[in-house]
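Structure file data_5.cif (mmCIF, N, CA and C atoms) follows.
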```
data_run
#
loop_
_atom_site.label_atom_id
_atom_site.label_comp_id
_atom_site.auth_asym_id
_atom_site.auth_seq_id
_atom_site.Cartn_x
_atom_site.Cartn_y
_atom_site.Cartn_z
N MET Q 1 -3.38 -15.73 -1.22
CA MET Q 1 -3.37 -14.73 -0.18
C MET Q 1 -4.80 -14.54 0.36
N THR Q 2 -4.90 -14.30 1.64
CA THR Q 2 -6.18 -14.08 2.30
C THR Q 2 -6.72 -12.70 1.96
N ASP Q 3 -8.04 -12.60 1.80
CA ASP Q 3 -8.67 -11.31 1.59
C ASP Q 3 -8.65 -10.55 2.91
N LEU Q 4 -7.92 -9.46 2.98
CA LEU Q 4 -7.77 -8.71 4.22
C LEU Q 4 -9.09 -8.11 4.69
N TYR Q 5 -10.03 -7.88 3.78
CA TYR Q 5 -11.31 -7.31 4.15
C TYR Q 5 -12.25 -8.33 4.79
N GLU Q 6 -11.87 -9.60 4.77
CA GLU Q 6 -12.65 -10.64 5.45
C GLU Q 6 -12.30 -10.71 6.93
N ARG Q 7 -11.21 -10.12 7.34
CA ARG Q 7 -10.75 -10.18 8.74
C ARG Q 7 -11.55 -9.22 9.61
N ASP Q 8 -11.92 -9.71 10.80
CA ASP Q 8 -12.68 -8.92 11.76
C ASP Q 8 -11.74 -7.98 12.51
N LEU Q 9 -12.10 -6.71 12.58
CA LEU Q 9 -11.28 -5.71 13.29
C LEU Q 9 -11.83 -5.38 14.68
N ALA Q 10 -12.84 -6.12 15.12
CA ALA Q 10 -13.41 -5.84 16.45
C ALA Q 10 -12.33 -5.94 17.52
N GLY Q 11 -12.22 -4.91 18.31
CA GLY Q 11 -11.28 -4.91 19.43
C GLY Q 11 -9.85 -4.52 19.10
N VAL Q 12 -9.53 -4.26 17.83
CA VAL Q 12 -8.14 -3.88 17.53
C VAL Q 12 -7.87 -2.48 18.07
N ARG Q 13 -6.63 -2.23 18.41
CA ARG Q 13 -6.22 -0.93 18.94
C ARG Q 13 -5.47 -0.16 17.85
N PHE Q 14 -6.09 0.91 17.41
CA PHE Q 14 -5.47 1.78 16.41
C PHE Q 14 -4.54 2.76 17.11
N ARG Q 15 -3.44 3.10 16.45
CA ARG Q 15 -2.57 4.17 16.94
C ARG Q 15 -2.47 5.24 15.87
N ARG Q 16 -2.28 6.47 16.31
CA ARG Q 16 -2.28 7.61 15.40
C ARG Q 16 -0.88 7.85 14.82
N LEU Q 17 -0.84 8.10 13.52
CA LEU Q 17 0.38 8.50 12.82
C LEU Q 17 0.10 9.83 12.14
N CYS Q 18 0.94 10.82 12.39
CA CYS Q 18 0.75 12.15 11.80
C CYS Q 18 2.00 12.56 11.04
N GLY Q 19 1.79 13.42 10.07
CA GLY Q 19 2.93 13.92 9.30
C GLY Q 19 2.45 14.68 8.09
N GLY Q 20 3.38 14.98 7.24
CA GLY Q 20 3.04 15.72 6.04
C GLY Q 20 3.75 17.05 6.02
N ASN Q 21 3.35 17.89 5.11
CA ASN Q 21 4.02 19.17 4.93
C ASN Q 21 3.12 20.33 5.34
N GLN Q 22 2.45 20.20 6.47
CA GLN Q 22 1.57 21.25 6.95
C GLN Q 22 2.37 22.39 7.60
N GLN Q 23 1.81 23.56 7.57
CA GLN Q 23 2.45 24.74 8.15
C GLN Q 23 2.09 24.91 9.63
N GLU Q 24 0.89 24.48 10.01
CA GLU Q 24 0.42 24.67 11.38
C GLU Q 24 -0.02 23.33 11.96
N GLU Q 25 0.14 23.18 13.28
CA GLU Q 25 -0.16 21.92 13.94
C GLU Q 25 -1.60 21.45 13.74
N GLU Q 26 -2.59 22.35 13.82
CA GLU Q 26 -3.98 21.92 13.70
C GLU Q 26 -4.33 21.46 12.28
N GLN Q 27 -3.46 21.69 11.32
CA GLN Q 27 -3.69 21.22 9.95
C GLN Q 27 -2.98 19.90 9.69
N GLU Q 28 -2.38 19.32 10.70
CA GLU Q 28 -1.60 18.11 10.52
C GLU Q 28 -2.46 16.97 9.97
N SER Q 29 -1.90 16.25 9.03
CA SER Q 29 -2.58 15.11 8.44
C SER Q 29 -2.28 13.87 9.28
N CYS Q 30 -3.32 13.18 9.70
CA CYS Q 30 -3.14 11.99 10.53
C CYS Q 30 -3.99 10.84 10.01
N VAL Q 31 -3.48 9.64 10.21
CA VAL Q 31 -4.23 8.42 10.00
C VAL Q 31 -4.09 7.60 11.26
N GLU Q 32 -4.92 6.59 11.39
CA GLU Q 32 -4.79 5.63 12.47
C GLU Q 32 -4.50 4.28 11.85
N ILE Q 33 -3.60 3.50 12.48
CA ILE Q 33 -3.17 2.23 11.93
C ILE Q 33 -3.26 1.16 13.01
N ALA Q 34 -3.62 -0.05 12.58
CA ALA Q 34 -3.67 -1.19 13.49
C ALA Q 34 -3.30 -2.45 12.71
N PRO Q 35 -2.60 -3.37 13.36
CA PRO Q 35 -2.35 -4.66 12.70
C PRO Q 35 -3.66 -5.42 12.54
N ILE Q 36 -3.80 -6.16 11.47
CA ILE Q 36 -5.00 -6.95 11.22
C ILE Q 36 -4.81 -8.32 11.88
N PRO Q 37 -5.70 -8.67 12.81
CA PRO Q 37 -5.58 -9.96 13.50
C PRO Q 37 -5.62 -11.14 12.54
N GLY Q 38 -4.73 -12.09 12.76
CA GLY Q 38 -4.71 -13.30 11.95
C GLY Q 38 -4.08 -13.15 10.59
N ALA Q 39 -3.55 -11.98 10.28
CA ALA Q 39 -2.89 -11.75 8.98
C ALA Q 39 -1.49 -11.20 9.25
N ALA Q 40 -0.50 -11.94 8.86
CA ALA Q 40 0.88 -11.51 9.09
C ALA Q 40 1.22 -10.31 8.22
N ASP Q 41 1.84 -9.30 8.84
CA ASP Q 41 2.33 -8.11 8.13
C ASP Q 41 1.24 -7.46 7.28
N ALA Q 42 0.08 -7.22 7.93
CA ALA Q 42 -1.05 -6.58 7.26
C ALA Q 42 -1.67 -5.58 8.23
N PHE Q 43 -2.17 -4.45 7.69
CA PHE Q 43 -2.59 -3.35 8.54
C PHE Q 43 -3.88 -2.72 8.01
N ALA Q 44 -4.67 -2.19 8.96
CA ALA Q 44 -5.85 -1.41 8.63
C ALA Q 44 -5.54 0.05 8.89
N LEU Q 45 -5.94 0.93 7.99
CA LEU Q 45 -5.76 2.37 8.13
C LEU Q 45 -7.11 3.05 8.06
N ARG Q 46 -7.26 4.10 8.88
CA ARG Q 46 -8.49 4.89 8.84
C ARG Q 46 -8.16 6.35 9.09
N ASP Q 47 -9.10 7.22 8.74
CA ASP Q 47 -8.96 8.66 8.92
C ASP Q 47 -9.10 8.99 10.41
N SER Q 48 -8.12 9.66 10.98
CA SER Q 48 -8.17 9.98 12.41
C SER Q 48 -9.28 10.97 12.74
N LYS Q 49 -9.65 11.81 11.79
CA LYS Q 49 -10.70 12.80 12.03
C LYS Q 49 -12.09 12.24 11.79
N ASN Q 50 -12.19 11.11 11.09
CA ASN Q 50 -13.48 10.49 10.79
C ASN Q 50 -13.31 8.97 10.81
N PRO Q 51 -13.04 8.39 11.98
CA PRO Q 51 -12.76 6.95 12.04
C PRO Q 51 -13.93 6.06 11.65
N ASN Q 52 -15.14 6.57 11.71
CA ASN Q 52 -16.31 5.77 11.34
C ASN Q 52 -16.54 5.70 9.84
N ALA Q 53 -15.71 6.38 9.06
CA ALA Q 53 -15.86 6.37 7.60
C ALA Q 53 -15.42 5.05 6.99
N GLY Q 54 -14.77 4.19 7.77
CA GLY Q 54 -14.32 2.91 7.26
C GLY Q 54 -12.81 2.79 7.28
N THR Q 55 -12.33 1.64 6.89
CA THR Q 55 -10.90 1.39 6.87
C THR Q 55 -10.45 0.92 5.50
N LEU Q 56 -9.20 1.18 5.24
CA LEU Q 56 -8.52 0.60 4.09
C LEU Q 56 -7.53 -0.40 4.65
N ARG Q 57 -7.24 -1.44 3.91
CA ARG Q 57 -6.36 -2.50 4.41
C ARG Q 57 -5.24 -2.74 3.41
N PHE Q 58 -4.03 -2.87 3.96
CA PHE Q 58 -2.83 -2.99 3.15
C PHE Q 58 -1.89 -4.03 3.73
N THR Q 59 -1.11 -4.63 2.86
CA THR Q 59 -0.01 -5.47 3.34
C THR Q 59 1.13 -4.54 3.78
N GLY Q 60 2.02 -5.07 4.58
CA GLY Q 60 3.18 -4.30 4.98
C GLY Q 60 4.01 -3.89 3.78
N ASP Q 61 4.12 -4.77 2.78
CA ASP Q 61 4.88 -4.44 1.57
C ASP Q 61 4.28 -3.23 0.86
N GLU Q 62 2.96 -3.17 0.79
CA GLU Q 62 2.30 -2.03 0.14
C GLU Q 62 2.57 -0.74 0.90
N LEU Q 63 2.50 -0.78 2.23
CA LEU Q 63 2.76 0.43 3.02
C LEU Q 63 4.22 0.85 2.94
N ARG Q 64 5.12 -0.11 2.96
CA ARG Q 64 6.54 0.24 2.83
C ARG Q 64 6.83 0.86 1.47
N ALA Q 65 6.17 0.36 0.42
CA ALA Q 65 6.35 0.92 -0.93
C ALA Q 65 5.84 2.36 -0.97
N ALA Q 66 4.87 2.69 -0.12
CA ALA Q 66 4.33 4.04 -0.06
C ALA Q 66 5.14 4.94 0.87
N GLY Q 67 6.19 4.41 1.48
CA GLY Q 67 7.08 5.21 2.32
C GLY Q 67 6.78 5.16 3.79
N MET Q 68 5.94 4.27 4.24
CA MET Q 68 5.60 4.17 5.67
C MET Q 68 6.46 3.13 6.36
N THR Q 69 7.74 3.20 6.20
CA THR Q 69 8.63 2.15 6.72
C THR Q 69 8.89 2.26 8.21
N ALA Q 70 9.06 3.44 8.73
CA ALA Q 70 9.47 3.61 10.13
C ALA Q 70 8.34 3.36 11.12
N ASN Q 71 7.10 3.39 10.67
CA ASN Q 71 5.98 3.35 11.60
C ASN Q 71 5.27 2.01 11.68
N LEU Q 72 5.74 1.00 10.98
CA LEU Q 72 5.04 -0.30 11.01
C LEU Q 72 5.50 -1.15 12.15
#
```
Translate the structure of the given file into structure tokens.
Amino acid sequence: MTDLYERDLAGVRFRRLCGGNQQEEEQESCVEIAPIPGAADAFALRDSKNPNAGTLRFTGDELRAAGMTANL
């Protein structure tokens, strides 16, 4: 398997995913997700409130196992 952290994310378009069990809209938990170029069924995730903090990278199987099935 290819190391997902070796893939360049320059120019990828992240989209926002929000959810969770918050009581008020401004407390909503959000991440941003983008497909990783050149890697089938692999995604980069970052904090929507602090996108410059870096990204985590996951296979689609890992995200589906975490319950993110509808948004991939």
*For the file shown, what are the residues hit by the PyMOL selection byres ((chain Q and resi 40-45) around 7), laid out as a PyMOL selection string?*
chain Q and resi 31-39+46-47+54-61
Keeping only N, CA and C atoms, write the selected residues to a file as a tab-separated table (two decimals), keeping the file's coordinate frame.
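Full text of selection.tsv as output:
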```
chain	number	residue	atom	x	y	z
Q	31	VAL	N	-3.48	9.64	10.21
Q	31	VAL	CA	-4.23	8.42	10.00
Q	31	VAL	C	-4.09	7.60	11.26
Q	32	GLU	N	-4.92	6.59	11.39
Q	32	GLU	CA	-4.79	5.63	12.47
Q	32	GLU	C	-4.50	4.28	11.85
Q	33	ILE	N	-3.60	3.50	12.48
Q	33	ILE	CA	-3.17	2.23	11.93
Q	33	ILE	C	-3.26	1.16	13.01
Q	34	ALA	N	-3.62	-0.05	12.58
Q	34	ALA	CA	-3.67	-1.19	13.49
Q	34	ALA	C	-3.30	-2.45	12.71
Q	35	PRO	N	-2.60	-3.37	13.36
Q	35	PRO	CA	-2.35	-4.66	12.70
Q	35	PRO	C	-3.66	-5.42	12.54
Q	36	ILE	N	-3.80	-6.16	11.47
Q	36	ILE	CA	-5.00	-6.95	11.22
Q	36	ILE	C	-4.81	-8.32	11.88
Q	37	PRO	N	-5.70	-8.67	12.81
Q	37	PRO	CA	-5.58	-9.96	13.50
Q	37	PRO	C	-5.62	-11.14	12.54
Q	38	GLY	N	-4.73	-12.09	12.76
Q	38	GLY	CA	-4.71	-13.30	11.95
Q	38	GLY	C	-4.08	-13.15	10.59
Q	39	ALA	N	-3.55	-11.98	10.28
Q	39	ALA	CA	-2.89	-11.75	8.98
Q	39	ALA	C	-1.49	-11.20	9.25
Q	46	ARG	N	-7.26	4.10	8.88
Q	46	ARG	CA	-8.49	4.89	8.84
Q	46	ARG	C	-8.16	6.35	9.09
Q	47	ASP	N	-9.10	7.22	8.74
Q	47	ASP	CA	-8.96	8.66	8.92
Q	47	ASP	C	-9.10	8.99	10.41
Q	54	GLY	N	-14.77	4.19	7.77
Q	54	GLY	CA	-14.32	2.91	7.26
Q	54	GLY	C	-12.81	2.79	7.28
Q	55	THR	N	-12.33	1.64	6.89
Q	55	THR	CA	-10.90	1.39	6.87
Q	55	THR	C	-10.45	0.92	5.50
Q	56	LEU	N	-9.20	1.18	5.24
Q	56	LEU	CA	-8.52	0.60	4.09
Q	56	LEU	C	-7.53	-0.40	4.65
Q	57	ARG	N	-7.24	-1.44	3.91
Q	57	ARG	CA	-6.36	-2.50	4.41
Q	57	ARG	C	-5.24	-2.74	3.41
Q	58	PHE	N	-4.03	-2.87	3.96
Q	58	PHE	CA	-2.83	-2.99	3.15
Q	58	PHE	C	-1.89	-4.03	3.73
Q	59	THR	N	-1.11	-4.63	2.86
Q	59	THR	CA	-0.01	-5.47	3.34
Q	59	THR	C	1.13	-4.54	3.78
Q	60	GLY	N	2.02	-5.07	4.58
Q	60	GLY	CA	3.18	-4.30	4.98
Q	60	GLY	C	4.01	-3.89	3.78
Q	61	ASP	N	4.12	-4.77	2.78
Q	61	ASP	CA	4.88	-4.44	1.57
Q	61	ASP	C	4.28	-3.23	0.86
```
_All alpha helix (DSSP H) residues (DSSP, backbone) inside chain Q, as a list in words_ = Gly60, Asp61, Glu62, Leu63, Arg64 and Ala65 of chain Q
*Computed interatomic separation between atom CA of Leu4 of chain Q and atom CA of Leu63 of chain Q (Å)*: 14.0 Å
*asked:* If we count only C-alpha atoms and set the cut-off at 10 Å, which residues sit around Ser48 of chain Q, ignoring sequence neighbours fewer than 5 positions away in its own chain? Please answer as a PyMOL selection string.
replied: chain Q and resi 14-18+29-33+53
_Separation of atom C of Arg7 of chain Q from atom CA of Gly67 of chain Q, in Å and rounded to one decimal_ = 24.7 Å
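Residues of chain Q that DSSP, applied to the backbone, places in strand (DSSP E or B): Q:Arg15, Q:Arg16, Q:Leu17, Q:Cys18, Q:Gly19, Q:Ser29, Q:Cys30, Q:Val31, Q:Glu32, Q:Ile33, Q:Ala34, Q:Pro35, Q:Ala42, Q:Phe43, Q:Ala44, Q:Leu45, Q:Arg46, Q:Asp47, Q:Leu56, Q:Arg57, Q:Phe58, Q:Thr59.
Between atom CA of Asn52 of chain Q and atom C of Glu6 of chain Q the separation is 17.5 Å.
Of the residues listed (Q:Arg13, Q:Thr2, Q:Gly19, Q:Lys49), Q:Gly19 shows the shortest atom-to-atom separation from Met68 of chain Q; distances use only C-alpha atoms.
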